[in-house]
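File shown: my_file_6.tsv (TSV, C-alpha atoms and all ligand atoms).
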chain	number	residue	atom	x	y	z
A	1	MET	CA	-42.20	-71.31	178.73
A	2	PHE	CA	-40.49	-68.52	176.80
A	3	ALA	CA	-40.12	-64.83	177.55
A	4	ARG	CA	-42.49	-62.48	175.74
A	5	ARG	CA	-39.50	-60.42	174.62
A	6	THR	CA	-38.52	-63.30	172.33
A	7	GLU	CA	-41.95	-63.69	170.71
A	8	TRP	CA	-40.68	-62.44	167.39
A	9	ASN	CA	-42.47	-63.05	164.13
A	10	LEU	CA	-39.88	-65.34	162.60
A	11	ALA	CA	-41.94	-66.19	159.51
A	12	THR	CA	-39.89	-65.84	156.33
A	13	ASN	CA	-41.00	-62.79	154.34
A	14	ARG	CA	-41.86	-62.93	150.62
A	15	TYR	CA	-38.55	-61.47	149.57
A	16	SER	CA	-36.53	-64.02	151.58
A	17	LEU	CA	-38.72	-66.84	150.24
A	18	ALA	CA	-38.02	-65.68	146.67
A	19	LEU	CA	-34.31	-65.55	147.49
A	20	GLU	CA	-34.32	-69.07	148.98
A	21	GLU	CA	-36.11	-70.33	145.86
A	22	ALA	CA	-33.57	-68.64	143.54
A	23	ARG	CA	-30.68	-70.18	145.49
A	24	ARG	CA	-32.33	-73.62	145.55
A	25	ASN	CA	-32.59	-73.40	141.77
A	26	GLY	CA	-28.87	-72.65	141.53
A	27	ARG	CA	-29.42	-69.20	139.99
A	28	THR	CA	-26.30	-67.02	139.72
A	29	LEU	CA	-27.25	-63.72	141.33
A	30	LEU	CA	-25.79	-60.24	140.96
A	31	ASP	CA	-25.59	-59.26	144.59
A	32	LEU	CA	-26.15	-55.55	145.22
A	33	THR	CA	-26.73	-56.18	148.93
A	34	ALA	CA	-23.10	-57.08	149.74
A	35	SER	CA	-22.22	-55.98	153.26
A	36	ASN	CA	-19.56	-58.53	154.18
A	37	PRO	CA	-16.24	-56.87	153.25
A	38	THR	CA	-14.33	-60.16	153.47
A	39	THR	CA	-16.14	-61.54	150.39
A	40	VAL	CA	-15.93	-58.67	147.92
A	41	GLY	CA	-12.41	-59.11	146.59
A	42	LEU	CA	-10.40	-56.68	148.76
A	43	GLN	CA	-6.67	-57.11	149.32
A	44	TYR	CA	-6.24	-57.59	153.06
A	45	GLU	CA	-2.80	-57.51	154.67
A	46	GLY	CA	-3.35	-61.17	155.56
A	47	GLU	CA	0.05	-62.02	157.04
A	48	ARG	CA	0.14	-58.88	159.14
A	49	ILE	CA	-3.33	-59.57	160.52
A	50	LEU	CA	-2.54	-63.19	161.37
A	51	ARG	CA	0.80	-62.21	162.93
A	52	ALA	CA	-0.97	-59.66	165.12
A	53	LEU	CA	-3.14	-62.46	166.51
A	54	GLN	CA	-0.08	-64.36	167.74
A	55	HIS	CA	1.04	-61.94	170.44
A	56	PRO	CA	2.93	-63.92	173.16
A	57	ARG	CA	1.10	-62.05	175.95
A	58	ALA	CA	-2.13	-63.64	174.68
A	59	LEU	CA	-1.12	-66.72	176.67
A	60	GLU	CA	-1.65	-64.80	179.93
A	61	TYR	CA	-5.02	-64.20	181.55
A	62	GLU	CA	-5.35	-60.63	182.71
A	63	PRO	CA	-8.94	-59.87	183.73
A	64	ALA	CA	-9.10	-56.15	182.89
A	65	SER	CA	-12.74	-55.04	182.99
A	66	LYS	CA	-12.50	-52.17	180.50
A	67	GLY	CA	-9.97	-54.06	178.36
A	68	ILE	CA	-6.18	-54.12	178.59
A	69	LEU	CA	-4.53	-50.70	178.63
A	70	PRO	CA	-2.46	-51.06	175.39
A	71	ALA	CA	-5.66	-51.87	173.49
A	72	ARG	CA	-7.51	-48.88	174.94
A	73	GLU	CA	-4.49	-46.68	174.20
A	74	ALA	CA	-4.64	-47.86	170.59
A	75	VAL	CA	-8.29	-46.75	170.38
A	76	ALA	CA	-7.34	-43.37	171.91
A	77	ALA	CA	-4.56	-43.09	169.27
A	78	TYR	CA	-7.12	-43.87	166.53
A	79	TYR	CA	-9.11	-40.81	167.67
A	80	ALA	CA	-5.97	-38.67	168.13
A	81	GLU	CA	-5.20	-39.29	164.44
A	82	ARG	CA	-8.62	-37.81	163.71
A	83	GLY	CA	-7.84	-34.76	165.86
A	84	VAL	CA	-9.85	-35.85	168.91
A	85	GLN	CA	-8.31	-36.32	172.36
A	86	VAL	CA	-9.83	-39.01	174.59
A	87	SER	CA	-8.31	-40.62	177.67
A	88	PRO	CA	-8.01	-44.44	177.56
A	89	GLU	CA	-9.75	-44.31	180.97
A	90	ARG	CA	-12.91	-43.27	179.13
A	91	ILE	CA	-12.78	-46.23	176.73
A	92	VAL	CA	-14.42	-49.60	177.37
A	93	LEU	CA	-13.83	-52.51	175.00
A	94	THR	CA	-16.61	-54.86	173.90
A	95	VAL	CA	-16.72	-57.67	171.36
A	96	SER	CA	-18.96	-55.83	168.94
A	97	THR	CA	-20.80	-52.58	168.47
A	98	SER	CA	-23.96	-54.59	169.05
A	99	GLU	CA	-22.66	-55.60	172.48
A	100	ALA	CA	-21.66	-51.98	173.10
A	101	TYR	CA	-25.31	-50.99	172.49
A	102	SER	CA	-26.45	-53.58	175.01
A	103	TYR	CA	-24.05	-52.16	177.65
A	104	CYS	CA	-25.41	-48.65	177.00
A	105	PHE	CA	-29.03	-49.82	177.18
A	106	ARG	CA	-28.27	-51.69	180.42
A	107	LEU	CA	-26.57	-48.63	181.87
A	108	LEU	CA	-29.29	-46.16	180.94
A	109	CYS	CA	-32.62	-47.98	180.83
A	110	ASP	CA	-34.93	-49.83	183.18
A	111	PRO	CA	-37.37	-52.27	181.55
A	112	GLY	CA	-39.83	-50.36	179.35
A	113	ASP	CA	-37.72	-47.20	179.16
A	114	GLU	CA	-37.42	-45.63	175.75
A	115	VAL	CA	-34.59	-44.84	173.36
A	116	LEU	CA	-35.17	-42.54	170.40
A	117	VAL	CA	-33.88	-43.94	167.11
A	118	PRO	CA	-33.57	-42.35	163.69
A	119	SER	CA	-35.82	-43.60	160.93
A	120	PRO	CA	-34.80	-44.75	158.36
A	121	SER	CA	-31.86	-46.60	159.83
A	122	TYR	CA	-30.18	-49.92	160.47
A	123	PRO	CA	-32.63	-52.80	161.23
A	124	LEU	CA	-30.67	-54.65	163.94
A	125	PHE	CA	-31.58	-52.04	166.56
A	126	GLU	CA	-35.06	-53.51	167.02
A	127	PHE	CA	-33.66	-56.84	168.21
A	128	LEU	CA	-30.95	-55.25	170.36
A	129	ALA	CA	-33.63	-53.23	172.14
A	130	ASP	CA	-36.05	-56.17	172.55
A	131	ILE	CA	-33.37	-58.30	174.15
A	132	GLN	CA	-32.62	-55.53	176.67
A	133	ASP	CA	-36.35	-54.77	177.35
A	134	VAL	CA	-35.94	-51.32	175.87
A	135	LYS	CA	-38.62	-49.68	173.75
A	136	LEU	CA	-37.41	-47.98	170.58
A	137	VAL	CA	-39.29	-44.84	169.60
A	138	PRO	CA	-38.53	-43.61	166.07
A	139	TYR	CA	-37.85	-40.01	165.15
A	140	GLU	CA	-37.83	-38.91	161.55
A	141	LEU	CA	-34.97	-38.07	159.27
A	142	VAL	CA	-36.18	-36.00	156.33
A	143	TYR	CA	-34.68	-35.73	152.89
A	144	ASP	CA	-34.67	-32.26	151.39
A	145	HIS	CA	-31.51	-31.68	149.35
A	146	GLY	CA	-29.73	-34.02	151.75
A	147	TRP	CA	-30.84	-35.70	154.96
A	148	GLN	CA	-31.37	-34.06	158.30
A	149	VAL	CA	-33.02	-34.66	161.65
A	150	GLU	CA	-36.67	-33.55	161.76
A	151	PHE	CA	-36.44	-31.89	165.17
A	152	GLU	CA	-40.19	-31.45	165.64
A	153	SER	CA	-40.59	-35.20	165.26
A	154	LEU	CA	-37.72	-35.79	167.70
A	155	ARG	CA	-39.09	-33.38	170.29
A	156	GLY	CA	-42.56	-34.89	169.93
A	157	ALA	CA	-41.20	-38.40	170.50
A	158	ILE	CA	-39.69	-37.55	173.90
A	159	THR	CA	-41.67	-38.84	176.90
A	160	PRO	CA	-40.92	-39.17	180.62
A	161	ARG	CA	-39.60	-42.68	179.84
A	162	SER	CA	-37.05	-41.46	177.28
A	163	ARG	CA	-33.45	-42.14	178.31
A	164	ALA	CA	-31.31	-41.59	175.22
A	165	ILE	CA	-31.21	-40.35	171.65
A	166	MET	CA	-29.41	-42.56	169.19
A	167	VAL	CA	-27.56	-41.05	166.24
A	168	VAL	CA	-25.92	-43.05	163.48
A	169	HIS	CA	-23.08	-40.92	162.07
A	170	PRO	CA	-22.94	-41.35	159.14
A	171	ASN	CA	-26.31	-43.00	159.07
A	172	ASN	CA	-26.79	-46.43	157.51
A	173	PRO	CA	-28.16	-46.57	154.82
A	174	THR	CA	-28.80	-42.86	154.09
A	175	GLY	CA	-25.07	-42.08	154.29
A	176	HIS	CA	-25.41	-38.59	155.77
A	177	PHE	CA	-23.27	-37.04	158.51
A	178	THR	CA	-24.77	-35.21	161.48
A	179	ARG	CA	-23.97	-31.48	161.11
A	180	ALA	CA	-22.60	-29.20	163.82
A	181	TRP	CA	-25.93	-27.31	164.05
A	182	GLU	CA	-27.75	-30.60	164.55
A	183	LEU	CA	-25.36	-31.64	167.30
A	184	GLU	CA	-25.97	-28.32	169.03
A	185	ARG	CA	-29.73	-28.92	169.01
A	186	LEU	CA	-29.28	-32.56	170.08
A	187	ASN	CA	-27.19	-31.40	173.05
A	188	ALA	CA	-29.82	-28.83	174.02
A	189	LEU	CA	-32.60	-31.45	173.92
A	190	CYS	CA	-30.53	-33.93	175.91
A	191	ILE	CA	-29.71	-31.38	178.59
A	192	GLU	CA	-33.32	-30.18	178.80
A	193	HIS	CA	-34.73	-33.73	179.16
A	194	GLU	CA	-31.78	-35.42	180.96
A	195	LEU	CA	-31.07	-37.75	178.06
A	196	ALA	CA	-27.81	-39.30	176.90
A	197	LEU	CA	-26.58	-39.42	173.31
A	198	VAL	CA	-25.57	-42.77	171.84
A	199	ALA	CA	-23.60	-42.16	168.65
A	200	ASP	CA	-22.85	-45.04	166.30
A	201	GLU	CA	-19.78	-44.08	164.26
A	202	VAL	CA	-18.93	-47.40	162.66
A	203	PHE	CA	-18.82	-45.79	159.18
A	204	LEU	CA	-17.11	-42.54	160.28
A	205	ASP	CA	-14.01	-43.14	158.13
A	206	TYR	CA	-15.93	-43.83	154.93
A	207	GLY	CA	-16.54	-40.24	153.83
A	208	LEU	CA	-16.92	-39.99	150.04
A	209	THR	CA	-16.90	-36.23	149.49
A	210	GLY	CA	-13.67	-35.10	151.16
A	211	GLU	CA	-15.57	-33.61	154.11
A	212	VAL	CA	-13.84	-34.14	157.47
A	213	PRO	CA	-16.68	-35.08	159.81
A	214	LEU	CA	-16.91	-34.25	163.50
A	215	SER	CA	-16.65	-37.18	165.91
A	216	PHE	CA	-19.06	-37.37	168.83
A	217	VAL	CA	-16.07	-38.34	171.00
A	218	SER	CA	-15.30	-34.62	171.20
A	219	ASN	CA	-18.84	-33.77	172.32
A	220	ARG	CA	-18.89	-32.03	175.69
A	221	GLY	CA	-22.53	-30.90	175.84
A	222	ALA	CA	-24.51	-34.01	176.73
A	223	LEU	CA	-23.37	-37.31	178.22
A	224	THR	CA	-22.28	-39.09	175.03
A	225	PHE	CA	-21.42	-42.70	174.28
A	226	THR	CA	-19.62	-43.11	170.96
A	227	LEU	CA	-19.62	-46.63	169.56
A	228	SER	CA	-17.38	-48.11	166.89
A	229	GLY	CA	-15.40	-51.24	166.17
A	230	LEU	CA	-13.19	-53.28	163.90
A	231	SER	CA	-16.04	-54.75	161.85
A	232	LYS	CA	-16.20	-51.53	159.82
A	233	VAL	CA	-13.10	-49.53	160.87
A	234	CYS	CA	-10.78	-52.37	159.71
A	235	ALA	CA	-13.40	-54.21	157.63
A	236	LEU	CA	-12.82	-57.21	159.90
A	237	PRO	CA	-16.26	-58.33	161.15
A	238	GLN	CA	-14.84	-61.74	162.05
A	239	ILE	CA	-12.37	-60.26	164.56
A	240	LYS	CA	-14.64	-59.20	167.33
A	241	VAL	CA	-13.48	-56.00	169.00
A	242	ALA	CA	-15.40	-52.78	169.43
A	243	TRP	CA	-15.54	-49.98	171.96
A	244	ILE	CA	-17.51	-47.32	173.78
A	245	ALA	CA	-15.85	-43.91	174.26
A	246	THR	CA	-17.60	-41.76	176.86
A	247	SER	CA	-17.58	-37.95	176.84
A	248	GLY	CA	-19.62	-35.06	178.24
A	249	PRO	CA	-19.97	-33.34	181.62
A	250	SER	CA	-17.26	-34.82	183.85
A	251	ASP	CA	-19.49	-35.80	186.81
A	252	LEU	CA	-21.81	-37.76	184.52
A	253	VAL	CA	-18.86	-39.31	182.68
A	254	ARG	CA	-17.34	-40.47	185.97
A	255	THR	CA	-20.56	-42.17	187.11
A	256	ALA	CA	-21.10	-43.69	183.66
A	257	ILE	CA	-17.56	-45.12	183.51
A	258	ASP	CA	-17.78	-46.56	187.04
A	259	ARG	CA	-21.00	-48.35	186.17
A	260	LEU	CA	-19.89	-49.46	182.69
A	261	ASP	CA	-16.82	-50.87	184.40
A	262	VAL	CA	-19.07	-53.16	186.50
A	263	ILE	CA	-21.13	-54.23	183.46
A	264	ALA	CA	-17.95	-55.01	181.52
A	265	ASP	CA	-16.40	-56.77	184.53
A	266	THR	CA	-19.46	-59.02	184.75
A	267	TYR	CA	-18.82	-60.42	181.27
A	268	LEU	CA	-15.11	-59.82	180.50
A	269	SER	CA	-16.08	-60.49	176.87
A	270	PRO	CA	-13.18	-59.51	174.59
A	271	ASN	CA	-10.62	-62.29	174.43
A	272	ALA	CA	-6.89	-61.76	175.02
A	273	PRO	CA	-5.54	-62.47	171.49
A	274	VAL	CA	-7.74	-59.82	169.86
A	275	GLN	CA	-7.03	-57.27	172.59
A	276	TRP	CA	-3.27	-57.71	172.20
A	277	ALA	CA	-3.69	-57.60	168.43
A	278	LEU	CA	-5.75	-54.40	168.46
A	279	PRO	CA	-2.88	-51.87	168.04
A	280	ASP	CA	-1.50	-53.76	165.02
A	281	LEU	CA	-4.94	-54.39	163.57
A	282	LEU	CA	-5.89	-50.72	163.79
A	283	ALA	CA	-2.65	-49.95	161.94
A	284	THR	CA	-4.06	-51.85	158.91
A	285	CYS	CA	-7.20	-49.71	158.69
A	286	GLY	CA	-5.80	-47.03	156.35
A	287	ASN	CA	-5.08	-49.47	153.55
A	288	ILE	CA	-8.39	-51.31	153.62
A	289	GLN	CA	-10.41	-48.14	154.08
A	290	GLN	CA	-8.73	-46.66	151.02
A	291	GLN	CA	-9.72	-49.70	148.97
A	292	LEU	CA	-13.31	-49.52	150.20
A	293	ARG	CA	-13.61	-45.79	149.53
A	294	ALA	CA	-12.15	-46.28	146.03
A	295	ARG	CA	-14.62	-49.12	145.41
A	296	ALA	CA	-17.58	-47.08	146.63
A	297	LEU	CA	-16.57	-44.04	144.55
A	298	CYS	CA	-16.06	-46.17	141.44
A	299	ASN	CA	-19.47	-47.83	141.86
A	300	LEU	CA	-21.05	-44.45	142.54
A	301	ARG	CA	-19.62	-43.10	139.25
A	302	VAL	CA	-20.99	-46.13	137.39
A	303	LEU	CA	-24.36	-45.68	139.08
A	304	ASP	CA	-24.52	-41.99	138.15
A	305	ALA	CA	-23.53	-42.74	134.55
A	306	HIS	CA	-26.40	-45.24	134.24
A	307	LEU	CA	-28.81	-42.94	136.07
A	308	SER	CA	-28.17	-40.18	133.54
A	309	SER	CA	-30.10	-42.21	130.97
A	310	ALA	CA	-32.62	-43.84	133.34
A	311	ARG	CA	-36.13	-42.40	133.24
A	312	MET	CA	-37.62	-43.64	136.48
A	313	THR	CA	-34.81	-43.83	139.04
A	314	THR	CA	-32.74	-41.20	140.80
A	315	ARG	CA	-30.30	-41.45	143.67
A	316	LEU	CA	-30.38	-39.53	146.92
A	317	GLU	CA	-27.39	-37.41	147.94
A	318	LEU	CA	-24.96	-39.01	150.33
A	319	ASP	CA	-21.84	-38.05	152.27
A	320	ALA	CA	-20.41	-41.39	153.28
A	321	GLY	CA	-20.83	-45.11	153.86
A	322	TRP	CA	-21.24	-48.30	151.91
A	323	TYR	CA	-24.74	-47.79	150.46
A	324	ALA	CA	-26.67	-45.69	147.97
A	325	VAL	CA	-30.39	-45.04	148.25
A	326	LEU	CA	-32.32	-45.17	144.99
A	327	ARG	CA	-35.67	-43.47	144.49
A	328	THR	CA	-38.00	-45.42	142.23
A	329	PRO	CA	-41.70	-44.98	141.36
A	330	ALA	CA	-43.86	-45.67	144.42
A	331	THR	CA	-46.55	-47.27	142.28
A	332	ARG	CA	-45.55	-50.72	143.51
A	333	SER	CA	-44.28	-51.76	146.95
A	334	ASP	CA	-40.49	-51.83	147.13
A	335	GLU	CA	-40.74	-55.51	148.11
A	336	ASP	CA	-42.57	-56.18	144.81
A	337	VAL	CA	-39.91	-54.26	142.90
A	338	ALA	CA	-37.07	-56.15	144.64
A	339	ILE	CA	-38.77	-59.53	144.02
A	340	THR	CA	-39.25	-58.71	140.32
A	341	LEU	CA	-35.58	-57.76	140.04
A	342	LEU	CA	-34.60	-61.00	141.73
A	343	GLU	CA	-36.87	-63.29	139.73
A	344	GLU	CA	-36.59	-61.66	136.31
A	345	GLU	CA	-33.13	-60.08	136.33
A	346	SER	CA	-31.26	-62.18	138.94
A	347	VAL	CA	-30.41	-58.92	140.75
A	348	LEU	CA	-30.41	-58.88	144.53
A	349	ILE	CA	-31.11	-55.44	145.99
A	350	HIS	CA	-32.52	-54.33	149.38
A	351	PRO	CA	-36.11	-53.05	149.46
A	352	GLY	CA	-36.25	-49.78	151.43
A	353	HIS	CA	-38.71	-51.09	154.02
A	354	PHE	CA	-35.88	-53.27	155.34
A	355	PHE	CA	-34.43	-49.99	156.69
A	356	ASP	CA	-37.82	-48.52	157.67
A	357	PHE	CA	-38.17	-46.03	154.85
A	358	PRO	CA	-41.51	-44.32	155.44
A	359	ALA	CA	-43.05	-45.15	152.06
A	360	ALA	CA	-42.68	-47.27	148.95
A	361	GLY	CA	-40.26	-46.18	146.25
A	362	TYR	CA	-36.86	-46.79	147.82
A	363	LEU	CA	-34.19	-49.38	147.09
A	364	VAL	CA	-30.77	-49.63	148.76
A	365	ALA	CA	-27.73	-50.74	146.74
A	366	SER	CA	-24.40	-51.72	148.24
A	367	LEU	CA	-21.49	-49.65	146.94
A	368	ILE	CA	-18.91	-52.21	148.08
A	369	ALA	CA	-20.09	-54.91	145.67
A	370	PRO	CA	-17.35	-56.00	143.22
A	371	GLU	CA	-17.20	-53.50	140.33
A	372	ARG	CA	-18.27	-55.80	137.50
A	373	GLU	CA	-21.14	-57.30	139.48
A	374	PHE	CA	-22.28	-53.80	140.42
A	375	ARG	CA	-22.09	-52.49	136.85
A	376	VAL	CA	-24.08	-55.33	135.31
A	377	GLY	CA	-26.53	-55.51	138.23
A	378	ILE	CA	-27.31	-51.78	138.24
A	379	GLU	CA	-27.68	-51.63	134.49
A	380	ARG	CA	-30.20	-54.50	134.58
A	381	ALA	CA	-32.07	-53.08	137.57
A	382	LEU	CA	-32.50	-49.60	136.07
A	383	ARG	CA	-33.55	-50.99	132.68
A	384	SER	CA	-36.14	-53.25	134.30
A	385	ILE	CA	-37.57	-50.42	136.45
A	386	ASP	CA	-37.85	-48.20	133.35
A	387	SER	CA	-39.57	-50.92	131.33
A	388	ARG	CA	-42.27	-51.45	134.00
A	389	SER	CA	-43.05	-47.83	134.73
B	1	LIG	C1	-24.78	-48.70	161.68
B	1	LIG	C2	-24.29	-50.02	162.23
B	1	LIG	N1	-24.04	-50.15	163.54
B	1	LIG	C3	-23.59	-51.30	164.07
B	1	LIG	C4	-23.38	-52.41	163.28
B	1	LIG	C5	-22.91	-53.68	163.93
B	1	LIG	O1	-21.55	-53.66	164.13
B	1	LIG	P1	-20.80	-54.87	164.86
B	1	LIG	O2	-20.45	-55.85	163.80
B	1	LIG	O3	-19.59	-54.23	165.47
B	1	LIG	O4	-21.75	-55.40	165.89
B	1	LIG	C6	-23.62	-52.33	161.91
B	1	LIG	C7	-23.40	-53.49	161.04
B	1	LIG	O5	-23.60	-53.47	159.85
B	1	LIG	C8	-24.10	-51.11	161.37
B	1	LIG	O6	-24.37	-50.98	160.06
Taking this structure as input, can you express it in the form of structure tokens?
Amino acid sequence: MFARRTEWNLATNRYSLALEEARRNGRTLLDLTASNPTTVGLQYEGERILRALQHPRALEYEPASKGILPAREAVAAYYAERGVQVSPERIVLTVSTSEAYSYCFRLLCDPGDEVLVPSPSYPLFEFLADIQDVKLVPYELVYDHGWQVEFESLRGAITPRSRAIMVVHPNNPTGHFTRAWELERLNALCIEHELALVADEVFLDYGLTGEVPLSFVSNRGALTFTLSGLSKVCALPQIKVAWIATSGPSDLVRTAIDRLDVIADTYLSPNAPVQWALPDLLATCGNIQQQLRARALCNLRVLDAHLSSARMTTRLELDAGWYAVLRTPATRSDEDVAITLLEEESVLIHPGHFFDFPAAGYLVASLIAPEREFRVGIERALRSIDSRS
């Protein structure tokens, strides 16, 4: 009765079973997997956000396929503040970055076509691709004094069915930015093989080193779809607005926009109150981003202080984002390590395989966890890893 594309293995894995058990037993956990910014003790401009959602024009229905113009202008202004010019005509609103991916896949891929995705990276992509009948083909990121694209692996993964290369900038969870030389090579590959670039920039504003990153919105080489949205830009995952900004050779951009317009017109997903609220909501992003960067930097300092006396754990370099990758002995699977930490130390931390790390020996810790929880959790985790190695 059901489509093969939904034949997922929905069995609960060992780690989730251990977590369910801990919660059933009422254990208080130190959560180093926090990714929901609304639950980590930030000071939101609550009144301003709620007021924004009460725009009187929200009572009117205006079916605008790409989204209402003032909302798209606000997105263009967001990029202008980052030194990038983009016409509102090249912006299409969606309810989430996930929906933006589905529009791009629908635009670019017939069933069975392939999209190249970085590995390690964010696990939701697998489901997004399955639902759209797209096949994800991984290409490697390598760590060697910082992360970078392994271009031989990328080139080798291209087939006649390839339609796009995905880039997560900065990547989640590795936290590295794509460099200008990498973008140049990505453009060359895309042009040679008639591929588009799909750039996920949801964490673009969370640089932790002072580096001002490039935005793919300014990319002119290949046809480029840059995706972002309020869930990370304003730390408001409950207010569903995101966007696709299209750039590249103008003939390809024109065709892409015309077709995206039809896809968007078919659904008309973003609702009026959030579209009218978008300019005011984007105006709150500076404050919340500052809090999140301060939190991440504080937790990073605490982590490094504890690591200086840890024997068996190091951390990988990062440029940006909400996560730190820890390198632990690969003598046990990272699922085993995470389950031990959960059961014996009440510390919740992501095993690396969740993000498709190529081997055992990686854990991923959230840097946006509340400071005290992070400090105690990391201290316990590192001590436990040392004592078992
Ligand atoms: C890299 C990346 N892209 C996209 C998303 C999903 O964003 P949205 O909530 O806008 O669908 C996430 C969520 O964590 C993410 O980490």
Report as a Markdown table the residues of segment 202-315 of chain A within 12 Å of segment 351-361 of chain A, each with its shortest atom pair and distance in Å (one decimal), using only C-alpha atoms, ordered by chain and increasing residue number.
| residue | atom | partner | partner_atom | distance |
| --- | --- | --- | --- | --- |
| A:Met312 | CA | A:Gly361 | CA | 10.4 |
| A:Thr313 | CA | A:Gly361 | CA | 9.3 |
| A:Thr314 | CA | A:Gly361 | CA | 10.5 |
| A:Arg315 | CA | A:Gly361 | CA | 11.3 |
Selection above as a file: C-alpha atoms, as a JSON list (two decimals), in the frame of the given file:
[["chain", "number", "residue", "atom", "x", "y", "z"],
["A", 312, "MET", "CA", -37.62, -43.64, 136.48],
["A", 313, "THR", "CA", -34.81, -43.83, 139.04],
["A", 314, "THR", "CA", -32.74, -41.20, 140.80],
["A", 315, "ARG", "CA", -30.30, -41.45, 143.67]]
Check: With distances taken over all atoms listed in the file, which of A:Leu300, A:Ala235, A:Ala256, A:Val274 is nearest to ligand LIG 1 (chain B)?
Finding: A:Ala235
Next item on the list: Can you pull out every residue within 9 Å of segment 93-109 of chain A, counting only C-alpha atoms, but drop anything in the same chain fewer than 6 positions away, and send it as a ChimeraX atom specification?
Entry: /A:65-68,71-72,115,124-125,128-129,131-134,161-164,196,198,200,202,225,227-231,237,239-245,256,259-260,263-264,268-271,275
Next item on the list: Counting all atoms listed in the file, figure out which residue out of A:Thr226, A:Ser119, A:Ser308, A:Thr159 gets nearest to Leu141 of chain A.
Entry: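 Closest residue, counting all atoms listed in the file: A:Ser119.
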Next item on the list: List the neighbours of Asp336 of chain A out to 9 Å using all atoms listed in the file; skip same-chain residues closer than 4 positions along the sequence, and give me the result as a list in words.
Entry: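 Near Asp336 of chain A, the qualifying residues are Arg14, Tyr15, Arg332, Thr340, Leu341 and Pro351 of chain A.
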Next item on the list: Identify which of the residues A:Tyr206, A:Trp322, A:Tyr78, A:Trp147 lies closest to ligand LIG 1 (chain B), counting all atoms listed in the file when measuring atom-to-atom distances.
Entry: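 Nearest to ligand LIG 1 (chain B): A:Trp322.
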Hey, could you pull the box centre and edge lengths for segment 241-249 of chain A, axis-aligned, 6 Å padding per side, all listed atoms, to one decimal in Å, as JSON?
{"center_x": -16.7, "center_y": -44.7, "center_z": 175.3, "size_x": 18.5, "size_y": 34.7, "size_z": 24.6}
Next item on the list: Name the residues in contact with Ala320 of chain A at a cut-off of 6 Å, using all atoms listed in the file, excluding same-chain residues fewer than 2 positions from it; report them as an NGL selection string.
Entry: :A and (175 or 206-208 or 318)
Check: What separation in Å, quoted to one decimal, exists between atom CA of Asp258 of chain A and atom CA of Ala74 of chain A?
Finding: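 Atom-to-atom, atom CA of Asp258 of chain A and atom CA of Ala74 of chain A are spaced 21.1 Å apart.
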Note to self: With distances taken over only C-alpha atoms, which residue among A:Asn171, A:Pro273, A:Glu371, A:Ser346 lies nearest Gly26 of chain A?
What the structure shows: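 Among A:Asn171, A:Pro273, A:Glu371, A:Ser346, it is A:Ser346 that comes nearest to Gly26 of chain A.
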Item checked: Among the residues A:Val302, A:Arg254, A:His176, A:Ala330, the one that comes closest to ligand LIG 1 (chain B) [using all atoms listed in the file] -> A:His176
Item checked: Pro37 of chain A environment, 9 Å, all atoms listed in the file, sequence neighbours closer than 2 positions dropped, as an NGL selection string -> :A and (34-35 or 39-42 or 231-232 or 235-237 or 292 or 368-369)
Next item on the list: Could you jot down the atom CA of Cys234 of chain A to atom CA of Pro279 of chain A separation for me, Å, one decimal place?
Entry: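 One can read the atom CA of Cys234 of chain A to atom CA of Pro279 of chain A distance as 11.5 Å.
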Margin query: as a ChimeraX atom specification, please: the residues near Ala338 of chain A (cut-off 12 Å, all atoms listed in the file, same-chain neighbours under 5 positions excluded).
Written below: /A:14-16,18-19,31-33,326,328,332-333,343-354,360-365,381-382,384-385
Note to self: Just the number, please: distance in Å from atom CA of Pro56 of chain A to atom CA of Asp265 of chain A, one decimal.
What the structure shows: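 The value is 23.5 Å.
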